[in-house]
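Trainee: One structure coming up, written as structure tokens, with questions to follow.
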Amino acid sequence: FLLIMAYTATFVVLLSMFWCWIVCMARPQHRDVPGNRTVPENQPTQVHLSYTGSPTSMVVTWSTVDNTASVVEYGQGEFTLRNTGISTLFVDGGKKHRAQYIHRVVMTGLNPGYRYIYHVGSDESWSDIYSFTAVQEDTNWSPRFAVYGDLGYENAQSVGRLTKEVQRGMYDAILHVGDFAYDMNDKDGEVGDAFMSLIQPIAAYIPYMTCVGNHEVAYNFSHYINRFSMPGSHHKDMFYSFNIGPAHIISINTELWYLEEEGSREGVISQREWLQADLEAANSPDNRQKHPWIILMGHRPMYCSNVAKDCVLDESFVRKGIPKQGMPGVEDLLYKYGVDLTIWAHEHSYERLWPVYDKMVMNGSVSQPYTNPGAPVHIITGSAGCKERLVPFVPNPKPWSAFRLEDYGYARMTIHNSTHLYLEQVSDDQDGVVVDSMLLIKNSHESFSTRSYGNRRDL
């Protein structure tokens with residue numbers, strides 16, 4: 001009798017385990033974040049902000065496993081305001097098809113320049129309380145940015161220093177110039193979840209503005225498109241622009257020139273048409289007076305001197321296009337519409353260029369090259385830290401290369417006013433030392449093609 005009872009108990013346990021397995025497999029899986037504990041399925045994670053382009057609003061994005069309500073409560077010192085938004089089911093393209101819900105809510109009715117607290121979630125579970133300062137409405141203020149690209153989850157060397165500086169109030173926004181996590185789709189999306197949690201102490205406090213890079217290409221850029229909430233109707237095309245203070249900032253998709261699938265030509269042409277229209281509008285007398293600085297960021301640089309394929313090619317696809325395939329580049333637009341500064345990444349290093357157009361150095365003068373230059377200035381800052389490590393330089397760069405450094409780090413940029421923009425590169429390897437700096441002075445902002453210069457050097 002005892003033997004029969006033992007067999008019966010064993011059968012009941014095995015049957016219970018089988019049904020538990022069936023039920024669990026029918027639900028979205030827990031996010032076992034590398035190096036982290038499993039979070040409850042209704043718990044908001046990966047909280048991050050992005051700017052809408054309007055000083056009276058801010059977007060907050062987060063993730064849950066369960067499809068909970070999308071709510072944000074916020075206010076100046078207490079939760080006096082409450083907005084709801086939408087959630088979207090996002091399924092990773094890997095073998096496990098890991099599912100999560102991405103929530104987006106717009107915080108509206110903000111008083112520009114005022115400090116707000118907020119938390120996100122639902123009555124089932126709320127996030128921690130975070131804070132941010134609404135973007136100032138006046139164009140006569142000095143926005144401060146941390147600027148970098150190529151930041152991974154592994155070897156994310158600059159994150160600690162950046163987090164400290166963000167929480168000390170040193171920045172108004174982040175510009176992440178492509179390549180996230182390395183890669184967001186790895187381990188069936190677990191690396192993407194871990195990366196978004198890694199940057200949460202930065203991105204939950206200031207707008208985290210992005211552009212797409214080559215490491216986002218998996219599953220038709222689905223992780224980038226779903227995880228980030230950039231402004232404008234062209235988000236799924238992965239190019240957009242916004243105004244902040246005295247600057248008009250443009251983010252383009254440089255991967256369009258490198259896609260092999262059918263339709264990439266149409267994508268290149270569509271982006272160029274959009275960019276030309278955007279630059280035309282930015283150059284209207286009223287807009288250029290309010291936002292004199294035009295800054296463009298894209299992942300793959302037009303010029304670079306690393307030991308890398310993109311640098312040793314005779315012509316950059318982004319700069320000159322691929323004429324045989326009917327794909328135009330965009331450097332001519334930057335020159336025609338007076339783009340002041342371009343920011344790139346992709347190469348895991350830092351490089352500052354002299355003002356250059358079509359391989360010609362166009363310094364303002366011999367003694368003051370960055371005062372009223374004759375062409376856009378190019379900066380490459382792609383060494384925030386990732387598992388692919390740093391990329392060395394060729395021994396003898398072209399004359400357009402002004403300064404190069406193989407250190408982990410990032411850039412700080414401050415737009416002081418309508419005439420002065422300051423940018424410096426910080427070395428995390430050297431404990432936060434400023435290793436390079438540039439003061440760009442523009443007494444007027446206009447098309448370069450309508451002016452004549454005596455400091456050209458044909459290269």
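We label chains A, B, ... in the order they appear in the structure tokens, count residues from 1 in each chain, and number ligands from 1 in the order shown.
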Do you have, as CSV, the list of residues of segment 274-360 of chain A lying at most 10 Å from segment 132-141 of chain A, each with its nearest atom pair and that distance in Å to one decimal, counting only C-alpha atoms and ordered by chain then number?

Mentor:
residue,atom,partner,partner_atom,distance
A:Gln289,CA,A:Thr139,CA,9.6
A:Lys290,CA,A:Thr139,CA,6.3
A:His291,CA,A:Thr139,CA,7.0
A:Pro292,CA,A:Thr139,CA,9.7

Trainee: Would you pick out the contacts of Pro44 of chain A at 7 Å or less, using only C-alpha atoms, so that residues sharing its chain but fewer than 4 positions from it are not included, and give the list as a PyMOL selection string?

Mentor: chain A and resi 62-64+120-121+126-127

Trainee: Identify all residues of segment 205-413 of chain A in helix (DSSP H, G or I) (DSSP on the backbone) and supply them as number ranges by chain.

Mentor: A: 214-216, 218-227, 235-237, 254-258, 264-282, 285-290, 309-312, 317-320, 323-325, 331-336

Trainee: When you draw a straight line from atom CA of Leu110 of chain A to atom CA of Val60 of chain A, how long is it in Å?

Mentor: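 Atom-to-atom, atom CA of Leu110 of chain A and atom CA of Val60 of chain A are spaced 13.4 Å apart.
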
Trainee: Can you pull out the residues contacting Leu334 of chain A? Cut-off 9 Å, using only C-alpha atoms, and skip same-chain residues under 6 positions away; I want them as a compact mmCIF listing (two decimals) with C-alpha atoms, in the first residue's frame.

Mentor:
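Saved file out-v1.txt follows:
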# COMPACT_ATOMS: atom_id res chain seq x y z
CA LEU A 279 17.81 72.47 -44.51
CA LEU A 296 24.15 67.21 -38.27
CA ASP A 340 28.23 74.41 -39.16
CA THR A 342 28.90 67.45 -38.24
CA ALA A 375 33.26 74.70 -44.68
CA PRO A 376 31.65 72.42 -42.09
CA SER A 447 25.62 79.06 -47.19
CA PHE A 448 29.32 78.43 -47.71

Trainee: Determine, using only C-alpha atoms, which residues of segment 291-331 of chain A have any atom at most 10 Å from an atom of segment 398-401 of chain A, and tabulate each with its shortest atom pair and distance in Å to one decimal place, rows ordered by chain and then rising number, as a tab-separated table.

Mentor:
residue	atom	partner	partner_atom	distance
A:Tyr303	CA	A:Trp400	CA	8.6
A:Cys304	CA	A:Ser401	CA	7.8
A:Ser305	CA	A:Lys398	CA	7.4

Trainee: Can you tell me, as a ChimeraX atom specification, what residues are no more than 8 Å from Val166 of chain A when counting only C-alpha atoms, ignoring any on the same chain fewer than 4 positions away?

Mentor: /A:162,170-171,202,205-206

Trainee: Counting only C-alpha atoms, which of A:Thr108, A:Ser158, A:Gln76, A:Thr88 gets nearest to Val59 of chain A?

Mentor: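 Comparing A:Thr108, A:Ser158, A:Gln76, A:Thr88 against Val59 of chain A, the winner is A:Thr108.
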
Trainee: Tell me, in Å to one decimal, how far atom CA of Arg104 of chain A is from atom CA of Ile117 of chain A.

Mentor: 17.1 Å

Trainee: Do you know which residues are at most 6 Å from Gly178 of chain A counting only C-alpha atoms, after dropping those on the same chain fewer than 4 positions away, and could you put them as a ChimeraX atom specification?

Mentor: /A:149,211-213,299

Trainee: What separation in Å, quoted to one decimal, exists between atom CA of Ala203 of chain A and atom CA of Leu390 of chain A?

Mentor: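 Atom-to-atom, atom CA of Ala203 of chain A and atom CA of Leu390 of chain A are spaced 24.7 Å apart.
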
Trainee: May I ask which of the residues A:Tyr335, A:Phe317, A:Tyr101, A:Trp293 is the closest one to Thr419 of chain A, counting only C-alpha atoms?

Mentor: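 The shortest atom-to-atom distance to Thr419 of chain A comes from A:Trp293.
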
Trainee: Looking only at the backbone, which of the residues in segment 217-450 of chain A does DSSP tag as strand (DSSP E), as a PyMOL selection string?

Mentor: chain A and resi 240-244+247-251+293-297+321-322+327-328+341-344+350-353+356-357+360-362+377-381+401-405+409-415+420-427+433-441

Trainee: Got a sec: who's within 9 Å of segment 343-350 of chain A, counting only C-alpha atoms, leaving out chain neighbours fewer than 6 positions off, as a VMD selection string?

Mentor: chain A and resid 147 to 150 177 to 179 213 to 214 295 to 302 304 306 308 310 to 311 377 to 386 388 to 393 403 to 411 425

Trainee: Excluding His119 of chain A and its own-chain neighbours fewer than 6 positions away, which residues fall within 7 Å of it when counting only C-alpha atoms? Please give them as a VMD selection string.

Mentor: chain A and resid 72 to 74 126 to 130

Trainee: Using only N, CA, C and O atoms, please write the residues we just selected to a file, as a PDB file, in the first residue's frame.

Mentor:
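The result, written out as out_20.pdb:
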ATOM      1  N   VAL A  72       1.915  57.684 -16.828  1.00  0.00           N
ATOM      2  CA  VAL A  72       2.971  58.454 -16.176  1.00  0.00           C
ATOM      3  C   VAL A  72       2.307  59.494 -15.279  1.00  0.00           C
ATOM      4  O   VAL A  72       1.349  60.166 -15.679  1.00  0.00           O
ATOM      5  N   GLU A  73       2.768  59.576 -14.045  1.00  0.00           N
ATOM      6  CA  GLU A  73       2.342  60.612 -13.109  1.00  0.00           C
ATOM      7  C   GLU A  73       3.534  61.529 -12.882  1.00  0.00           C
ATOM      8  O   GLU A  73       4.652  61.064 -12.650  1.00  0.00           O
ATOM      9  N   TYR A  74       3.284  62.852 -12.953  1.00  0.00           N
ATOM     10  CA  TYR A  74       4.400  63.790 -12.901  1.00  0.00           C
ATOM     11  C   TYR A  74       3.937  65.129 -12.353  1.00  0.00           C
ATOM     12  O   TYR A  74       2.740  65.394 -12.227  1.00  0.00           O
ATOM     13  N   TRP A 126       4.752  50.387 -10.088  1.00  0.00           N
ATOM     14  CA  TRP A 126       5.327  51.665 -10.494  1.00  0.00           C
ATOM     15  C   TRP A 126       6.849  51.594 -10.492  1.00  0.00           C
ATOM     16  O   TRP A 126       7.448  50.823  -9.738  1.00  0.00           O
ATOM     17  N   SER A 127       7.445  52.424 -11.314  1.00  0.00           N
ATOM     18  CA  SER A 127       8.900  52.547 -11.331  1.00  0.00           C
ATOM     19  C   SER A 127       9.372  53.367 -10.137  1.00  0.00           C
ATOM     20  O   SER A 127       8.562  53.899  -9.363  1.00  0.00           O
ATOM     21  N   ASP A 128      10.675  53.497  -9.993  1.00  0.00           N
ATOM     22  CA  ASP A 128      11.231  54.470  -9.064  1.00  0.00           C
ATOM     23  C   ASP A 128      10.847  55.877  -9.528  1.00  0.00           C
ATOM     24  O   ASP A 128      10.382  56.073 -10.660  1.00  0.00           O
ATOM     25  N   ILE A 129      11.090  56.855  -8.684  1.00  0.00           N
ATOM     26  CA  ILE A 129      10.804  58.252  -9.025  1.00  0.00           C
ATOM     27  C   ILE A 129      12.052  58.865  -9.659  1.00  0.00           C
ATOM     28  O   ILE A 129      13.157  58.762  -9.117  1.00  0.00           O
ATOM     29  N   TYR A 130      11.868  59.477 -10.821  1.00  0.00           N
ATOM     30  CA  TYR A 130      12.956  60.150 -11.535  1.00  0.00           C
ATOM     31  C   TYR A 130      12.611  61.632 -11.672  1.00  0.00           C
ATOM     32  O   TYR A 130      11.510  62.060 -11.329  1.00  0.00           O
TER      33      TYR A 130
END

Trainee: Which residue is closest to Pro112 of chain A? Choose from A:Lys324, A:Thr56, A:Asp431, A:His223 and count only C-alpha atoms.

Mentor: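 The answer is A:Thr56, which sits nearest to Pro112 of chain A.
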